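This is final.cif. It holds mmCIF, C-alpha atoms.
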```cif
data_target
loop_
_atom_site.group_PDB
_atom_site.id
_atom_site.type_symbol
_atom_site.label_atom_id
_atom_site.label_comp_id
_atom_site.auth_asym_id
_atom_site.auth_seq_id
_atom_site.Cartn_x
_atom_site.Cartn_y
_atom_site.Cartn_z
ATOM 1 C CA MET A 1 51.665 122.121 148.043
ATOM 2 C CA ALA A 2 50.186 118.626 148.153
ATOM 3 C CA ALA A 3 47.572 119.785 150.667
ATOM 4 C CA LEU A 4 46.665 122.699 148.395
ATOM 5 C CA PHE A 5 46.270 120.312 145.457
ATOM 6 C CA ARG A 6 44.081 117.960 147.522
ATOM 7 C CA GLY A 7 41.913 120.914 148.598
ATOM 8 C CA SER A 8 41.484 122.128 145.024
ATOM 9 C CA ARG A 9 40.715 118.605 143.887
ATOM 10 C CA ASN A 10 38.014 118.221 146.563
ATOM 11 C CA VAL A 11 36.390 121.495 145.492
ATOM 12 C CA LEU A 12 36.429 120.336 141.875
ATOM 13 C CA LEU A 13 34.906 116.990 142.809
ATOM 14 C CA ARG A 14 32.112 118.687 144.791
ATOM 15 C CA TRP A 15 31.421 121.019 141.804
ATOM 16 C CA THR A 16 31.354 118.066 139.399
ATOM 17 C CA LYS A 17 29.090 116.039 141.680
ATOM 18 C CA HIS A 18 26.567 118.714 142.607
ATOM 19 C CA VAL A 19 26.760 121.805 140.359
ATOM 20 C CA ALA A 20 27.616 120.416 136.906
ATOM 21 C CA PRO A 21 24.732 117.910 136.822
ATOM 22 C CA ALA A 22 22.350 120.716 137.763
ATOM 23 C CA LEU A 23 23.566 122.806 134.815
ATOM 24 C CA VAL A 24 23.263 119.883 132.423
ATOM 25 C CA SER A 25 19.796 119.097 133.774
ATOM 26 C CA SER A 26 18.789 122.743 133.346
ATOM 27 C CA ARG A 27 19.936 122.760 129.703
ATOM 28 C CA SER A 28 18.179 119.466 129.043
ATOM 29 C CA MET A 29 14.932 120.727 130.525
ATOM 30 C CA ALA A 30 15.154 123.933 128.492
ATOM 31 C CA SER A 31 15.790 122.004 125.291
ATOM 32 C CA LYS A 32 12.699 119.865 125.807
ATOM 33 C CA THR A 33 10.254 122.765 125.644
ATOM 34 C CA PRO A 34 7.283 122.197 123.272
ATOM 35 C CA VAL A 35 7.919 121.961 119.531
ATOM 36 C CA GLY A 36 5.279 122.921 117.002
ATOM 37 C CA PHE A 37 4.743 120.688 113.975
ATOM 38 C CA ILE A 38 2.554 121.637 111.010
ATOM 39 C CA GLY A 39 1.869 119.173 108.200
ATOM 40 C CA LEU A 40 1.154 115.576 109.252
ATOM 41 C CA GLY A 41 1.253 113.758 105.937
ATOM 42 C CA ASN A 42 3.260 110.692 104.893
ATOM 43 C CA MET A 43 6.497 112.382 105.940
ATOM 44 C CA GLY A 44 5.378 114.766 108.669
ATOM 45 C CA THR A 45 3.659 112.164 110.834
ATOM 46 C CA PRO A 46 6.688 109.869 111.347
ATOM 47 C CA MET A 47 8.916 112.927 111.838
ATOM 48 C CA ALA A 48 6.631 114.270 114.566
ATOM 49 C CA LYS A 49 6.482 110.806 116.136
ATOM 50 C CA ASN A 50 10.275 110.769 116.401
ATOM 51 C CA LEU A 51 10.221 114.090 118.237
ATOM 52 C CA LEU A 52 7.758 112.551 120.717
ATOM 53 C CA ARG A 53 9.980 109.479 121.104
ATOM 54 C CA ASN A 54 12.882 111.769 121.959
ATOM 55 C CA GLY A 55 10.921 113.392 124.759
ATOM 56 C CA TYR A 56 9.810 116.597 123.065
ATOM 57 C CA PRO A 57 6.239 117.723 123.774
ATOM 58 C CA VAL A 58 4.671 118.250 120.324
ATOM 59 C CA ILE A 59 1.991 120.800 119.463
ATOM 60 C CA ALA A 60 0.618 120.014 116.018
ATOM 61 C CA THR A 61 -1.920 120.761 113.342
ATOM 62 C CA ASP A 62 -2.914 119.542 109.893
ATOM 63 C CA VAL A 63 -5.738 120.315 107.482
ATOM 64 C CA PHE A 64 -6.991 116.734 107.864
ATOM 65 C CA PRO A 65 -8.557 115.965 111.280
ATOM 66 C CA GLU A 66 -7.720 112.245 111.021
ATOM 67 C CA SER A 67 -4.014 113.082 110.809
ATOM 68 C CA ARG A 68 -4.290 115.252 113.913
ATOM 69 C CA LYS A 69 -6.104 112.456 115.745
ATOM 70 C CA GLU A 70 -3.336 109.925 115.089
ATOM 71 C CA LEU A 71 -0.719 112.150 116.690
ATOM 72 C CA GLN A 72 -3.042 113.201 119.502
ATOM 73 C CA ASP A 73 -3.462 109.548 120.445
ATOM 74 C CA LEU A 74 0.313 109.398 120.914
ATOM 75 C CA GLY A 75 0.324 112.302 123.347
ATOM 76 C CA ALA A 76 0.634 115.391 121.168
ATOM 77 C CA GLN A 77 -1.483 118.498 121.692
ATOM 78 C CA VAL A 78 -3.402 119.381 118.537
ATOM 79 C CA PHE A 79 -4.983 122.616 117.336
ATOM 80 C CA ASP A 80 -7.004 123.730 114.340
ATOM 81 C CA THR A 81 -4.719 126.383 112.840
ATOM 82 C CA PRO A 82 -1.012 127.214 112.405
ATOM 83 C CA ALA A 83 -1.571 130.494 114.265
ATOM 84 C CA GLU A 84 -2.669 128.580 117.368
ATOM 85 C CA VAL A 85 0.474 126.440 117.191
ATOM 86 C CA ALA A 86 2.596 129.609 116.892
ATOM 87 C CA GLU A 87 1.044 130.961 120.093
ATOM 88 C CA LYS A 88 2.111 127.852 122.025
ATOM 89 C CA ALA A 89 5.599 127.030 120.706
ATOM 90 C CA ASP A 90 8.816 128.951 120.065
ATOM 91 C CA ARG A 91 10.273 126.278 117.775
ATOM 92 C CA ILE A 92 8.104 125.202 114.848
ATOM 93 C CA LEU A 93 8.688 122.731 112.012
ATOM 94 C CA THR A 94 6.613 122.626 108.833
ATOM 95 C CA MET A 95 6.400 119.778 106.295
ATOM 96 C CA LEU A 96 4.062 120.751 103.456
ATOM 97 C CA PRO A 97 3.432 119.629 99.860
ATOM 98 C CA SER A 98 4.213 122.744 97.814
ATOM 99 C CA SER A 99 5.143 126.436 97.666
ATOM 100 C CA PRO A 100 1.510 127.676 97.787
ATOM 101 C CA ASN A 101 0.895 125.561 100.917
ATOM 102 C CA VAL A 102 3.951 127.052 102.609
ATOM 103 C CA ILE A 103 2.901 130.612 101.733
ATOM 104 C CA GLU A 104 -0.587 129.987 103.141
ATOM 105 C CA VAL A 105 0.622 128.321 106.349
ATOM 106 C CA TYR A 106 3.105 131.096 107.085
ATOM 107 C CA THR A 107 1.370 134.236 105.808
ATOM 108 C CA GLY A 108 -2.337 133.306 105.511
ATOM 109 C CA ALA A 109 -5.173 134.661 107.657
ATOM 110 C CA ASN A 110 -4.574 131.891 110.235
ATOM 111 C CA GLY A 111 -0.890 131.545 109.468
ATOM 112 C CA ILE A 112 2.126 131.211 111.720
ATOM 113 C CA LEU A 113 3.276 134.801 111.266
ATOM 114 C CA LYS A 114 -0.032 136.176 112.561
ATOM 115 C CA LYS A 115 0.748 134.951 116.082
ATOM 116 C CA VAL A 116 4.451 134.032 116.080
ATOM 117 C CA LYS A 117 6.469 135.094 119.103
ATOM 118 C CA LYS A 118 9.615 137.157 118.745
ATOM 119 C CA GLY A 119 12.684 134.925 118.639
ATOM 120 C CA THR A 120 10.808 131.840 117.419
ATOM 121 C CA LEU A 121 12.836 129.424 115.266
ATOM 122 C CA LEU A 122 10.907 128.360 112.154
ATOM 123 C CA ILE A 123 12.210 125.341 110.224
ATOM 124 C CA ASP A 124 10.569 124.430 106.918
ATOM 125 C CA SER A 125 11.260 120.907 105.652
ATOM 126 C CA SER A 126 8.986 121.183 102.615
ATOM 127 C CA THR A 127 10.537 120.989 99.142
ATOM 128 C CA ILE A 128 9.703 124.327 97.514
ATOM 129 C CA ASP A 129 11.096 127.021 95.245
ATOM 130 C CA PRO A 130 14.231 128.521 96.867
ATOM 131 C CA ALA A 131 12.824 131.983 96.095
ATOM 132 C CA VAL A 132 9.773 131.238 98.261
ATOM 133 C CA SER A 133 12.048 130.177 101.137
ATOM 134 C CA ARG A 134 13.821 133.521 100.875
ATOM 135 C CA GLU A 135 10.478 135.363 100.827
ATOM 136 C CA MET A 136 9.362 133.538 103.979
ATOM 137 C CA ALA A 137 12.650 134.377 105.679
ATOM 138 C CA VAL A 138 12.128 138.086 104.971
ATOM 139 C CA ALA A 139 8.527 137.926 106.221
ATOM 140 C CA ALA A 140 9.593 136.068 109.382
ATOM 141 C CA GLU A 141 12.372 138.556 110.084
ATOM 142 C CA LYS A 142 9.822 141.388 110.128
ATOM 143 C CA THR A 143 8.070 139.678 113.059
ATOM 144 C CA GLY A 144 11.316 139.010 114.908
ATOM 145 C CA ALA A 145 11.339 135.285 114.078
ATOM 146 C CA VAL A 146 14.068 133.294 112.307
ATOM 147 C CA PHE A 147 13.264 131.137 109.255
ATOM 148 C CA MET A 148 15.446 128.279 107.968
ATOM 149 C CA ASP A 149 14.849 125.871 105.088
ATOM 150 C CA ALA A 150 15.666 122.228 105.816
ATOM 151 C CA PRO A 151 14.257 119.924 103.107
ATOM 152 C CA VAL A 152 14.825 116.196 103.485
ATOM 153 C CA SER A 153 15.929 113.192 101.496
ATOM 154 C CA GLY A 154 15.240 109.563 102.305
ATOM 155 C CA GLY A 155 11.514 109.013 101.900
ATOM 156 C CA VAL A 156 8.892 107.592 104.240
ATOM 157 C CA GLY A 157 11.023 104.632 105.337
ATOM 158 C CA ALA A 158 13.876 106.871 106.440
ATOM 159 C CA ALA A 159 11.417 109.230 108.140
ATOM 160 C CA SER A 160 10.031 106.332 110.198
ATOM 161 C CA LEU A 161 13.522 105.155 111.183
ATOM 162 C CA ALA A 162 14.838 108.678 111.890
ATOM 163 C CA LYS A 163 17.414 108.267 109.114
ATOM 164 C CA LEU A 164 16.557 111.271 106.958
ATOM 165 C CA THR A 165 19.142 113.617 105.494
ATOM 166 C CA PHE A 166 18.428 117.295 106.173
ATOM 167 C CA MET A 167 19.861 120.022 103.936
ATOM 168 C CA VAL A 168 19.790 123.243 105.944
ATOM 169 C CA GLY A 169 19.865 126.830 104.729
ATOM 170 C CA GLY A 170 19.753 129.878 106.974
ATOM 171 C CA VAL A 171 21.626 132.015 109.473
ATOM 172 C CA LYS A 172 24.643 129.998 110.550
ATOM 173 C CA GLU A 173 24.358 131.161 114.160
ATOM 174 C CA GLU A 174 20.987 129.383 114.382
ATOM 175 C CA TYR A 175 22.185 126.137 112.832
ATOM 176 C CA GLN A 176 23.061 124.466 116.143
ATOM 177 C CA ALA A 177 19.577 125.135 117.525
ATOM 178 C CA ALA A 178 18.022 123.628 114.398
ATOM 179 C CA GLN A 179 20.414 120.694 114.448
ATOM 180 C CA GLU A 180 19.295 119.727 117.966
ATOM 181 C CA LEU A 181 15.783 119.014 116.671
ATOM 182 C CA LEU A 182 16.708 117.646 113.250
ATOM 183 C CA THR A 183 19.044 114.980 114.651
ATOM 184 C CA CYS A 184 16.002 113.444 116.367
ATOM 185 C CA MET A 185 14.552 112.791 112.926
ATOM 186 C CA GLY A 186 17.587 112.230 110.735
ATOM 187 C CA ALA A 187 20.958 110.545 110.482
ATOM 188 C CA ASN A 188 22.574 113.391 108.523
ATOM 189 C CA VAL A 189 22.155 117.136 109.013
ATOM 190 C CA VAL A 190 24.178 119.292 106.612
ATOM 191 C CA TYR A 191 24.537 123.064 106.675
ATOM 192 C CA CYS A 192 24.420 124.341 103.074
ATOM 193 C CA GLY A 193 24.611 128.126 103.439
ATOM 194 C CA PRO A 194 22.121 131.032 103.435
ATOM 195 C CA VAL A 195 18.338 130.584 103.241
ATOM 196 C CA GLY A 196 17.395 128.787 100.020
ATOM 197 C CA THR A 197 20.565 126.728 99.650
ATOM 198 C CA GLY A 198 18.960 123.759 101.401
ATOM 199 C CA GLN A 199 16.226 123.827 98.755
ATOM 200 C CA ALA A 200 18.820 124.120 95.999
ATOM 201 C CA ALA A 201 20.592 120.980 97.239
ATOM 202 C CA LYS A 202 17.294 119.073 97.500
ATOM 203 C CA ILE A 203 16.157 120.052 94.005
ATOM 204 C CA CYS A 204 19.474 118.895 92.533
ATOM 205 C CA ASN A 205 19.260 115.601 94.430
ATOM 206 C CA ASN A 206 15.718 114.867 93.278
ATOM 207 C CA MET A 207 16.471 115.640 89.657
ATOM 208 C CA LEU A 208 19.281 113.076 89.773
ATOM 209 C CA LEU A 209 17.007 110.638 91.635
ATOM 210 C CA ALA A 210 14.351 110.845 88.922
ATOM 211 C CA ILE A 211 16.879 110.390 86.125
ATOM 212 C CA GLY A 212 18.415 107.433 87.956
ATOM 213 C CA MET A 213 15.051 105.785 88.587
ATOM 214 C CA ILE A 214 14.019 106.068 84.940
ATOM 215 C CA GLY A 215 17.387 104.647 83.872
ATOM 216 C CA THR A 216 17.056 101.750 86.312
ATOM 217 C CA ALA A 217 13.507 101.008 85.138
ATOM 218 C CA GLU A 218 14.568 101.045 81.479
ATOM 219 C CA THR A 219 17.561 98.815 82.208
ATOM 220 C CA MET A 220 15.572 96.281 84.206
ATOM 221 C CA ASN A 221 12.839 96.179 81.565
ATOM 222 C CA LEU A 222 15.341 95.628 78.753
ATOM 223 C CA GLY A 223 17.094 92.847 80.681
ATOM 224 C CA ILE A 224 13.785 91.081 81.394
ATOM 225 C CA ARG A 225 12.855 91.255 77.693
ATOM 226 C CA LEU A 226 16.233 89.744 76.878
ATOM 227 C CA GLY A 227 15.436 86.778 79.118
ATOM 228 C CA LEU A 228 17.296 87.700 82.286
ATOM 229 C CA ASP A 229 15.843 86.925 85.710
ATOM 230 C CA PRO A 230 15.168 90.327 87.341
ATOM 231 C CA LYS A 231 16.696 89.340 90.686
ATOM 232 C CA LEU A 232 19.840 88.091 88.950
ATOM 233 C CA LEU A 233 20.071 91.247 86.848
ATOM 234 C CA ALA A 234 19.681 93.436 89.943
ATOM 235 C CA GLN A 235 22.404 91.425 91.681
ATOM 236 C CA ILE A 236 24.768 91.934 88.733
ATOM 237 C CA LEU A 237 24.024 95.660 88.491
ATOM 238 C CA ASN A 238 24.650 96.087 92.202
ATOM 239 C CA MET A 239 28.114 94.557 91.988
ATOM 240 C CA SER A 240 28.969 96.490 88.834
ATOM 241 C CA SER A 241 29.484 100.079 87.704
ATOM 242 C CA GLY A 242 25.770 100.583 87.000
ATOM 243 C CA ARG A 243 24.915 100.360 90.675
ATOM 244 C CA CYS A 244 22.818 103.232 92.099
ATOM 245 C CA TRP A 245 20.331 103.875 94.910
ATOM 246 C CA SER A 246 17.379 103.017 92.653
ATOM 247 C CA SER A 247 18.883 99.630 91.834
ATOM 248 C CA ASP A 248 20.197 98.546 95.236
ATOM 249 C CA SER A 249 17.839 100.222 97.729
ATOM 250 C CA TYR A 250 14.577 101.001 95.914
ATOM 251 C CA ASN A 251 14.373 98.647 92.955
ATOM 252 C CA PRO A 252 11.325 99.436 90.779
ATOM 253 C CA VAL A 253 10.627 95.837 89.687
ATOM 254 C CA PRO A 254 8.005 93.954 91.747
ATOM 255 C CA GLY A 255 9.437 90.931 93.551
ATOM 256 C CA VAL A 256 13.088 91.987 93.410
ATOM 257 C CA MET A 257 13.173 93.596 96.864
ATOM 258 C CA GLU A 258 11.060 93.457 100.001
ATOM 259 C CA GLY A 259 9.887 96.500 101.913
ATOM 260 C CA VAL A 260 9.786 98.878 98.940
ATOM 261 C CA PRO A 261 6.746 100.284 97.095
ATOM 262 C CA SER A 262 7.293 98.090 94.015
ATOM 263 C CA GLY A 263 6.487 95.121 96.252
ATOM 264 C CA ASN A 264 3.223 96.734 97.385
ATOM 265 C CA ASN A 265 1.633 97.746 94.076
ATOM 266 C CA TYR A 266 3.613 101.006 94.277
ATOM 267 C CA GLN A 267 1.674 102.227 97.314
ATOM 268 C CA GLY A 268 3.331 104.495 99.869
ATOM 269 C CA GLY A 269 6.748 105.987 99.323
ATOM 270 C CA PHE A 270 7.294 109.157 97.306
ATOM 271 C CA GLY A 271 4.376 109.966 95.015
ATOM 272 C CA THR A 272 4.662 110.557 91.278
ATOM 273 C CA THR A 273 2.853 113.886 91.697
ATOM 274 C CA LEU A 274 5.480 115.082 94.160
ATOM 275 C CA MET A 275 8.313 113.978 91.901
ATOM 276 C CA ALA A 276 6.738 115.836 88.973
ATOM 277 C CA LYS A 277 6.443 118.902 91.221
ATOM 278 C CA ASP A 278 10.105 118.726 92.273
ATOM 279 C CA LEU A 279 11.227 118.287 88.666
ATOM 280 C CA GLY A 280 9.149 121.348 87.817
ATOM 281 C CA LEU A 281 11.109 123.280 90.442
ATOM 282 C CA ALA A 282 14.351 122.025 88.891
ATOM 283 C CA GLN A 283 13.158 123.161 85.465
ATOM 284 C CA SER A 284 12.210 126.589 86.767
ATOM 285 C CA THR A 285 15.533 127.163 88.507
ATOM 286 C CA ALA A 286 17.441 125.801 85.489
ATOM 287 C CA THR A 287 15.622 128.278 83.256
ATOM 288 C CA ASN A 288 16.303 131.154 85.640
ATOM 289 C CA THR A 289 20.009 130.309 85.807
ATOM 290 C CA LYS A 290 20.286 129.408 82.097
ATOM 291 C CA THR A 291 21.506 125.924 83.004
ATOM 292 C CA PRO A 292 21.110 123.128 80.407
ATOM 293 C CA VAL A 293 19.397 120.077 81.931
ATOM 294 C CA PRO A 294 18.299 117.906 78.968
ATOM 295 C CA LEU A 295 17.855 114.688 80.968
ATOM 296 C CA GLY A 296 16.117 116.572 83.764
ATOM 297 C CA SER A 297 13.720 118.056 81.208
ATOM 298 C CA LEU A 298 12.940 114.638 79.753
ATOM 299 C CA ALA A 299 12.408 113.167 83.238
ATOM 300 C CA HIS A 300 9.985 115.997 84.000
ATOM 301 C CA GLN A 301 8.000 115.238 80.834
ATOM 302 C CA ILE A 302 7.844 111.514 81.656
ATOM 303 C CA TYR A 303 6.538 112.083 85.183
ATOM 304 C CA ARG A 304 3.997 114.632 83.975
ATOM 305 C CA VAL A 305 2.672 112.098 81.437
ATOM 306 C CA MET A 306 2.518 109.481 84.191
ATOM 307 C CA CYS A 307 0.367 111.807 86.307
ATOM 308 C CA ALA A 308 -2.049 112.143 83.390
ATOM 309 C CA ARG A 309 -2.121 108.365 82.844
ATOM 310 C CA GLY A 310 -3.306 107.344 86.310
ATOM 311 C CA TYR A 311 0.017 107.113 88.164
ATOM 312 C CA ALA A 312 -0.310 110.360 90.130
ATOM 313 C CA ASN A 313 -0.858 108.670 93.505
ATOM 314 C CA LYS A 314 1.576 105.812 92.968
ATOM 315 C CA ASP A 315 5.201 105.835 94.059
ATOM 316 C CA PHE A 316 7.579 107.366 91.543
ATOM 317 C CA SER A 317 9.223 103.953 90.989
ATOM 318 C CA SER A 318 6.030 102.993 89.136
ATOM 319 C CA VAL A 319 7.793 104.389 86.073
ATOM 320 C CA PHE A 320 8.766 100.732 85.503
ATOM 321 C CA GLN A 321 5.104 99.747 85.243
ATOM 322 C CA PHE A 322 4.450 102.778 83.027
ATOM 323 C CA LEU A 323 7.190 101.703 80.608
ATOM 324 C CA ARG A 324 5.855 98.134 80.519
ATOM 325 C CA GLU A 325 2.393 99.411 79.648
ATOM 326 C CA GLU A 326 3.840 101.665 76.957
ATOM 327 C CA GLU A 327 5.204 98.550 75.213
ATOM 328 C CA GLY A 328 1.692 97.384 74.411
ATOM 329 C CA GLN A 329 0.591 100.625 72.774
#
```
Could you write out this file's structure as structure tokens?
Amino acid sequence: MAALFRGSRNVLLRWTKHVAPALVSSRSMASKTPVGFIGLGNMGTPMAKNLLRNGYPVIATDVFPESRKELQDLGAQVFDTPAEVAEKADRILTMLPSSPNVIEVYTGANGILKKVKKGTLLIDSSTIDPAVSREMAVAAEKTGAVFMDAPVSGGVGAASLAKLTFMVGGVKEEYQAAQELLTCMGANVVYCGPVGTGQAAKICNNMLLAIGMIGTAETMNLGIRLGLDPKLLAQILNMSSGRCWSSDSYNPVPGVMEGVPSGNNYQGGFGTTLMAKDLGLAQSTATNTKTPVPLGSLAHQIYRVMCARGYANKDFSSVFQFLREEEGQ
């Protein structure tokens, strides 16, 4: 019996030493096949860079040649159109500004679906109308491809550090394949349900984010007018019940925190135009579902006014500066 056990153990050891590593190596090599990436803006570029850092060959495109050049210099292959990317990759991520951009990139004359290969996994990390995500999923299915929505939270800083949160909607059986790529770019990957539910989660998050940022800006401005030092006030808020992400991680008052847009004349970060767009999506879905969102509606109005007053290209935390300027009028 002992001899039989030793024999079995030796066979197992030989399998573990020689065969198992070969299987693992085979899976690893298969998983590192090229990944397409379309949309190399403030968010897309650092996300694509993190795929490169994790050993994935990246095939990319963007409407701006300078964005393509930056990634090409890091070793990515670049092409002129989404259709060309679709010919070369069977896993493609998109990160685009709005619903019309997504529709064009997927279904336009030079879009992904013109050349997509059967079985291709398409992951859209744009923040768009959930209805558009569902439309793209139907269109992709007709070509034999699989579409998932996976919008992100965390901003440019988190994108650079691979600490984004991904909210994923789509066929559950494909979630693991999507997760493999998304974990290279994020710290949290959450499955939300069918296509469109990732967008729903993102829209809800950004509505709360906007409301919280406006509240933080108002609070800080009031405290400063009452004679409080802004750093001291932020410290008190962040050890009290008023603490929130906008106060402790992204404070809108210049000089209170380092490494945030308020310390850089509100450059970089998440633009006011994009926040106004996301709040518009929240308004649309709230109307369609007959959901009362009075604070969300007011936040949408404030950010729309900011866009018209010269804040469109500044970070959304510039609402503090906007409120300060309103005092003088």
Segment 292-300 of chain A: which residues within 10 Å, counting all atoms listed in the file, same-chain residues fewer than 3 positions away excluded, as an MDAnalysis selection string?
chainID A and resid 204 206:215 275:283 286:287 289 303:306
Which segment 189-285 of chain A residues have any atom within 8 Å of an atom of segment 141-161 of chain A, and for each, what is the nearest pair of atoms with distance in Å to one decimal, counting only C-alpha atoms, rows sorted by chain and number, as CSV?
```
residue,atom,partner,partner_atom,distance
A:Val195,CA,A:Met148,CA,6.0
A:Gly196,CA,A:Asp149,CA,6.4
A:Thr197,CA,A:Asp149,CA,7.9
A:Gly198,CA,A:Ala150,CA,5.7
A:Gln199,CA,A:Pro151,CA,6.2
A:Lys202,CA,A:Pro151,CA,6.4
A:Gly268,CA,A:Val156,CA,7.7
A:Gly269,CA,A:Val156,CA,5.6
A:Phe270,CA,A:Gly155,CA,6.2
```
Written as JSON, numbers by chain, what is the full residue list that the PyMOL selection byres ((chain A and resi 186) around 6) yields on the file shown?
{"A": [162, 163, 164, 165, 183, 184, 185, 187, 188]}
At what distance in Å, to one decimal, does atom CA of Thr61 of chain A lie from atom CA of Phe79 of chain A?
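Spanning atom CA of Phe79 of chain A to atom CA of Thr61 of chain A is a straight-line distance of 5.4 Å.
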Set the distance at 12 Å and use all atoms listed in the file: which residues neighbour Glu104 of chain A once local chain neighbours fewer than 6 positions away are removed? I'd like the list as a ChimeraX atom specification.
/A:38,63,81-83,94,96-98,110-114,132,136
Write out as AutoDock Vina command-line options an axis-aligned box for segment 274-291 of chain A: all of its atoms listed in the file, 8 Å added on each side, centre and edge lengths in Å with one decimal.
```
--center_x 13.5 --center_y 122.6 --center_z 88.1 --size_x 32.0 --size_y 33.2 --size_z 28.1
```
Identify, on the basis of all atoms listed in the file, every residue whose closest approach to Gly223 of chain A does not exceed 12 Å; exclude the query and any residue fewer than 4 positions from it along the same chain; express the result as a PyMOL selection string.
chain A and resi 216-219+227-234+236-237+253
Please identify all polymer residues within 8 Å of Asn313 of chain A, counting all atoms listed in the file, omitting same-chain residues fewer than 3 positions from it, and present them as a VMD selection string.
chain A and resid 267 271 to 273 307 310
Would you pick out the contacts of Pro194 of chain A at 8 Å or less, using only C-alpha atoms, so that residues sharing its chain but fewer than 2 positions from it are not included, and give the list as a list in words?
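Here the answer would be Gly169, Gly170, Val171, Lys172, Cys192, Gly196 and Thr197 of chain A.
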Just how far from atom CA of Leu121 of chain A is atom CA of Ala139 of chain A, in Å to one decimal?
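For atom CA of Ala139 of chain A relative to atom CA of Leu121 of chain A, the distance reads 13.1 Å.
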Atom pair atom CA of Lys49 of chain A + atom CA of Ser317 of chain A, distance 26.2 Å
Closest to Arg324 of chain A among A:Leu222, A:Asn238, A:Arg309, A:Asn251, using all atoms listed in the file?
A:Leu222
Would you please work out which residue, of A:Ile203, A:Val85, A:Val116, A:Ile103, is nearest to Pro130 of chain A when using all atoms listed in the file?
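Once distances to Pro130 of chain A are computed over all atoms listed in the file, the minimum belongs to A:Ile203.
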Between A:Gln72, A:Asn265, A:Asn205, A:Thr291, which residue has the minimum interatomic distance to Tyr311 of chain A, considering only C-alpha atoms?
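Comparing A:Gln72, A:Asn265, A:Asn205, A:Thr291 against Tyr311 of chain A, the winner is A:Asn265.
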Using all atoms listed in the file for the distances, tell me which of A:Leu71, A:Ala308, A:Leu52, A:Leu122 is nearest to Ala177 of chain A.
A:Leu122
Restore N, CA and C atoms in segment 138-149 of chain A and list the result as a tab-separated table (two decimals), in the coordinates of the input.
```tsv
chain	number	residue	atom	x	y	z
A	138	VAL	N	12.29	136.63	104.84
A	138	VAL	CA	12.13	138.09	104.97
A	138	VAL	C	10.87	138.41	105.79
A	139	ALA	N	9.78	137.70	105.49
A	139	ALA	CA	8.53	137.93	106.22
A	139	ALA	C	8.68	137.58	107.70
A	140	ALA	N	9.38	136.48	107.99
A	140	ALA	CA	9.59	136.07	109.38
A	140	ALA	C	10.45	137.08	110.13
A	141	GLU	N	11.47	137.60	109.45
A	141	GLU	CA	12.37	138.56	110.08
A	141	GLU	C	11.62	139.81	110.53
A	142	LYS	N	10.61	140.20	109.77
A	142	LYS	CA	9.82	141.39	110.13
A	142	LYS	C	9.05	141.21	111.43
A	143	THR	N	8.78	139.96	111.80
A	143	THR	CA	8.07	139.68	113.06
A	143	THR	C	9.03	139.35	114.20
A	144	GLY	N	10.32	139.35	113.89
A	144	GLY	CA	11.32	139.01	114.91
A	144	GLY	C	11.62	137.53	115.01
A	145	ALA	N	11.08	136.73	114.10
A	145	ALA	CA	11.34	135.28	114.08
A	145	ALA	C	12.47	134.97	113.11
A	146	VAL	N	12.98	133.74	113.18
A	146	VAL	CA	14.07	133.29	112.31
A	146	VAL	C	13.58	132.11	111.48
A	147	PHE	N	13.72	132.19	110.17
A	147	PHE	CA	13.26	131.14	109.26
A	147	PHE	C	14.47	130.42	108.65
A	148	MET	N	14.41	129.08	108.63
A	148	MET	CA	15.45	128.28	107.97
A	148	MET	C	14.77	127.24	107.08
A	149	ASP	N	15.36	126.96	105.92
A	149	ASP	CA	14.85	125.87	105.09
A	149	ASP	C	15.67	124.62	105.36
```
